[in-house]
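A.B. asks: Below are the structure tokens for one structure; questions will follow.
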2 protein chains.
Amino acid sequence: MSKKALTREAILQQAVRSASQIGISRLTIGSLAEQSGLSKSGLFAHFGSKEALQLAVVEAAQAQFVEEVVKPAFTQPRGMVRLRALFRAWVMRLYAGNTPGGCPLLAAAYEFDDQPGAIRDALVAGQRWQRDTLQRLLQDAQDAGELAADSNIPLLAFMLFGLIQSAHHDHQLLDNHHSAQLALQGFEQLCGTAAPHTGQVDP
Amino acid sequence: MSKKALTREAILQQAVRSASQIGISRLTIGSLAEQSGLSKSGLFAHFGSKEALQLAVVEAAQAQFVEEVVKPAFTQPRGMVRLRALFRAWVMRLYAGNTPGGCPLLAAAYEFDDQPGAIRDALVAGQRWQRDTLQRLLQDAQDAGELAADSNIPLLAFMLFGLIQSAHHDHQLLDNHHSAQLALQGFEQLCGTAAPHTGQVDP
DNA sequence: CTCAAAAAAGAACGATCGTGCTATTTTGCA
DNA sequence: TGCAAAATAGCACGATCGTTCTTTTTTGAG
């Protein structure tokens, strides 16, 4: 890999860390340069504009998500095992040390949902892909007979993503140490073959 | 009400609107003054510092939530009726016109979860209160026999809050017109006495 | 109506930001 | 090792921000 690409990677890795703490829109060229041991103009030359830098940060975070969550899940056999692996890795990533401020993509979704532009477009595409992936694994599990035949796949994906967000919220803001466990319990309640309900009157 | 308090209210109402679109941390005294028809220093005198302004915006948004969601629910009879009223109003508020950029409190939770200070403290207190309120209504419903006796109340509250966040996400970012319906369906699946499993055919 | 007090405006400051331009250092091939 | 090209540093600019200080306008009680 060329020197340029190596430096760029190092910058982006640090930038994703910072973005998880202060948000993508509050990244500054100056502080990012300082953290990377570069000058402002030296760092700037890698991207050409702040928006291009922010876009690169989004893409780096998305690539990181695929690498840490999606790819490992796809090493598991298709069906409920793979689905559970995806969800577990997704949740556990919220507690990993590489993004101390939480998931930068979730935060970015709230930052840019009302600011049209390339960054928002990239976020939308990424989130749609995440949802599609989740629904595909749910469909696979249903096809394998490991999920009730009358399951509403889009609703299930919607609810599972809600569990991810709730875990993030409770962990990052409320400092709730049980948030990961709650998310995993919720998954089993929604998808598991165990007890079909915590809280339904008639099975 | 004194002139000062009236002007302050008008400023905050506009500020909450803006905060829903660009986030609390990116509010600027200048643009806020322009939107309120005041001068920079005139507006500034009402708060004394930018952080005090941001804190006032958080408190105004929280008061708005109580007024529009919690109070109306408490006009309903205790139990499942009140719980459902709370959840419905909570979801529907995401689609109301007074905060075009979505819920400013949810966005602020992601903005400030890694920035210690008075604003984060106020957000934490508010979110804890929201969760406690939700759990209290769930408990009431359970006591009334309208929720399974073995329901896990903290888990249910966790999942319901996830539905809110998922609805917000799908509406604001993915422009999913069915997001409100999905959240309400999710509520009925988790708490309702209707169909015990996820089955519902999408139109 | 008067006039002191309250509210708002105006102007200016230091700091910080993104960005463009030029000089300097570093890299990797001949 | 020499040297063009790539990578980085240095510097300055205009803009914008929060904040302070002073002046002007507006308010409302006596």
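Please note that chains go A, B, ... in the order of the structure tokens, that every chain numbers its residues from 1, and that ligands are numbered from 1 in the order shown.
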Return as a tab-separated table the residues of region 95-192 of chain A lying at most 8 Å from region 51-73 of chain A, together with the closest atom-to-atom pair for each and the distance in Å to one decimal, counting only C-alpha atoms, with rows in chain order and ascending residue number.
C.D. replies:
residue	atom	partner	partner_atom	distance
A:Pro104	CA	A:Ala61	CA	7.1
A:Leu105	CA	A:Ala61	CA	6.9
A:Ala118	CA	A:Leu55	CA	7.3
A:Ile119	CA	A:Leu55	CA	5.5
A:Ala122	CA	A:Val58	CA	7.5
A:Leu123	CA	A:Val58	CA	7.3
A:Gly126	CA	A:Gln62	CA	7.0
A.B. asks: Grab the residues selected above and save them as a PDB file, in the first residue's frame with N, CA, C and O atoms.
C.D. replies:
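Dumped to again-v4.pdb:
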ATOM      1  N   PRO A 104     -20.767   5.376  15.641  1.00  0.00           N
ATOM      2  CA  PRO A 104     -20.782   6.648  14.918  1.00  0.00           C
ATOM      3  C   PRO A 104     -21.857   6.702  13.843  1.00  0.00           C
ATOM      4  O   PRO A 104     -22.295   7.796  13.482  1.00  0.00           O
ATOM      5  N   LEU A 105     -22.269   5.543  13.360  1.00  0.00           N
ATOM      6  CA  LEU A 105     -23.286   5.547  12.311  1.00  0.00           C
ATOM      7  C   LEU A 105     -24.668   5.860  12.884  1.00  0.00           C
ATOM      8  O   LEU A 105     -25.447   6.602  12.270  1.00  0.00           O
ATOM      9  N   ALA A 118     -24.442  14.663   0.300  1.00  0.00           N
ATOM     10  CA  ALA A 118     -23.781  13.391   0.023  1.00  0.00           C
ATOM     11  C   ALA A 118     -23.672  12.533   1.275  1.00  0.00           C
ATOM     12  O   ALA A 118     -23.787  11.300   1.206  1.00  0.00           O
ATOM     13  N   ILE A 119     -23.449  13.178   2.418  1.00  0.00           N
ATOM     14  CA  ILE A 119     -23.278  12.407   3.650  1.00  0.00           C
ATOM     15  C   ILE A 119     -24.572  11.700   4.017  1.00  0.00           C
ATOM     16  O   ILE A 119     -24.589  10.504   4.306  1.00  0.00           O
ATOM     17  N   ALA A 122     -25.178   8.785   1.754  1.00  0.00           N
ATOM     18  CA  ALA A 122     -24.376   7.611   2.095  1.00  0.00           C
ATOM     19  C   ALA A 122     -24.946   6.902   3.315  1.00  0.00           C
ATOM     20  O   ALA A 122     -24.977   5.666   3.381  1.00  0.00           O
ATOM     21  N   LEU A 123     -25.391   7.688   4.287  1.00  0.00           N
ATOM     22  CA  LEU A 123     -25.969   7.088   5.491  1.00  0.00           C
ATOM     23  C   LEU A 123     -27.236   6.315   5.158  1.00  0.00           C
ATOM     24  O   LEU A 123     -27.448   5.193   5.631  1.00  0.00           O
ATOM     25  N   GLY A 126     -26.390   3.091   3.450  1.00  0.00           N
ATOM     26  CA  GLY A 126     -25.826   2.130   4.393  1.00  0.00           C
ATOM     27  C   GLY A 126     -26.876   1.536   5.314  1.00  0.00           C
ATOM     28  O   GLY A 126     -26.877   0.328   5.579  1.00  0.00           O
TER      29      GLY A 126
END
A.B. asks: Taking every C-alpha atom in sequence order, what RMSD do you get when chain B is least-squares fitted onto chain A?
C.D. replies: 2.8 Å
A.B. asks: Output the contact residues of chain C with respect to chain A at a cut-off of 10 Å, based on only C-alpha atoms (C1' of nucleotides), as a PyMOL selection string.
C.D. replies: chain C and resi 16-20+27
A.B. asks: Up to 8 Å from chain A, what residues of chain B turn up? Count only C-alpha atoms and give them as a count of residues only.
C.D. replies: 47
A.B. asks: So which residues touch DC13 (chain C) within 10 Å, counting only C-alpha atoms (C1' of nucleotides), skipping near sequence neighbours fewer than 2 positions away, as a PyMOL selection string?
C.D. replies: (chain C and resi 11+15) or (chain D and resi 19-20)
A.B. asks: Tell me, in Å to one decimal, how far C1' of DA23 (chain C) is from CA of Leu43 (chain A).
C.D. replies: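 We find that C1' of DA23 (chain C) and CA of Leu43 (chain A) lie 16.9 Å from each other.
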A.B. asks: For the helix (DSSP H, G or I) assignment from backbone DSSP, which residues of region 94-150 of chain A qualify? Please present them as a VMD selection string.
C.D. replies: chain A and resid 104 to 112 118 to 143
A.B. asks: I'd like the interatomic distance between CA of Met80 (chain B) and CA of Leu138 (chain B), to a tenth of an Å.
C.D. replies: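 Taking CA of Met80 (chain B) and CA of Leu138 (chain B), their separation equals 7.8 Å.
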A.B. asks: From the options B:Tyr95, B:Phe47, B:Phe87, B:Trp129, which residue's atoms come nearest to chain D, counting only C-alpha atoms (C1' of nucleotides)?
C.D. replies: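 Once distances to chain D are computed over only C-alpha atoms (C1' of nucleotides), the minimum belongs to B:Phe47.
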A.B. asks: Please produce, as JSON lines, a per-residue contact table for chain D versus chain B (criterion: any atom at most 9 Å away, only C-alpha atoms (C1' of nucleotides) considered), showing the nearest atom pair and its distance in Å to one decimal, sorted by chain then residue number.
C.D. replies:
{"residue": "D:DC17", "atom": "C1'", "partner": "B:Thr28", "partner_atom": "CA", "distance": 7.7}
{"residue": "D:DG18", "atom": "C1'", "partner": "B:Lys50", "partner_atom": "CA", "distance": 7.4}
{"residue": "D:DT19", "atom": "C1'", "partner": "B:Ser49", "partner_atom": "CA", "distance": 8.1}
{"residue": "D:DT27", "atom": "C1'", "partner": "B:Lys3", "partner_atom": "CA", "distance": 8.6}
A.B. asks: List as a PyMOL selection string the protein and nucleic acid residues near DA8 (chain C), meaning an atom at most 10 Å away when only C-alpha atoms (C1' of nucleotides) are counted, but skip any in the same chain fewer than 4 places from it.
C.D. replies: (chain B and resi 38-43+45) or (chain D and resi 24-26)
A.B. asks: Report as a count of residues only all protein, DNA and RNA residues lying within 12 Å of DG30 (chain D), evaluated on only C-alpha atoms (C1' of nucleotides), omitting residues in the same chain fewer than 5 positions from it.
C.D. replies: 4
A.B. asks: Rounded to one decimal, what separation in Å do you get between CA of Ile24 (chain A) and CA of Ala15 (chain B)?
C.D. replies: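 Interatomic distance, CA of Ile24 (chain A) to CA of Ala15 (chain B): 21.8 Å.
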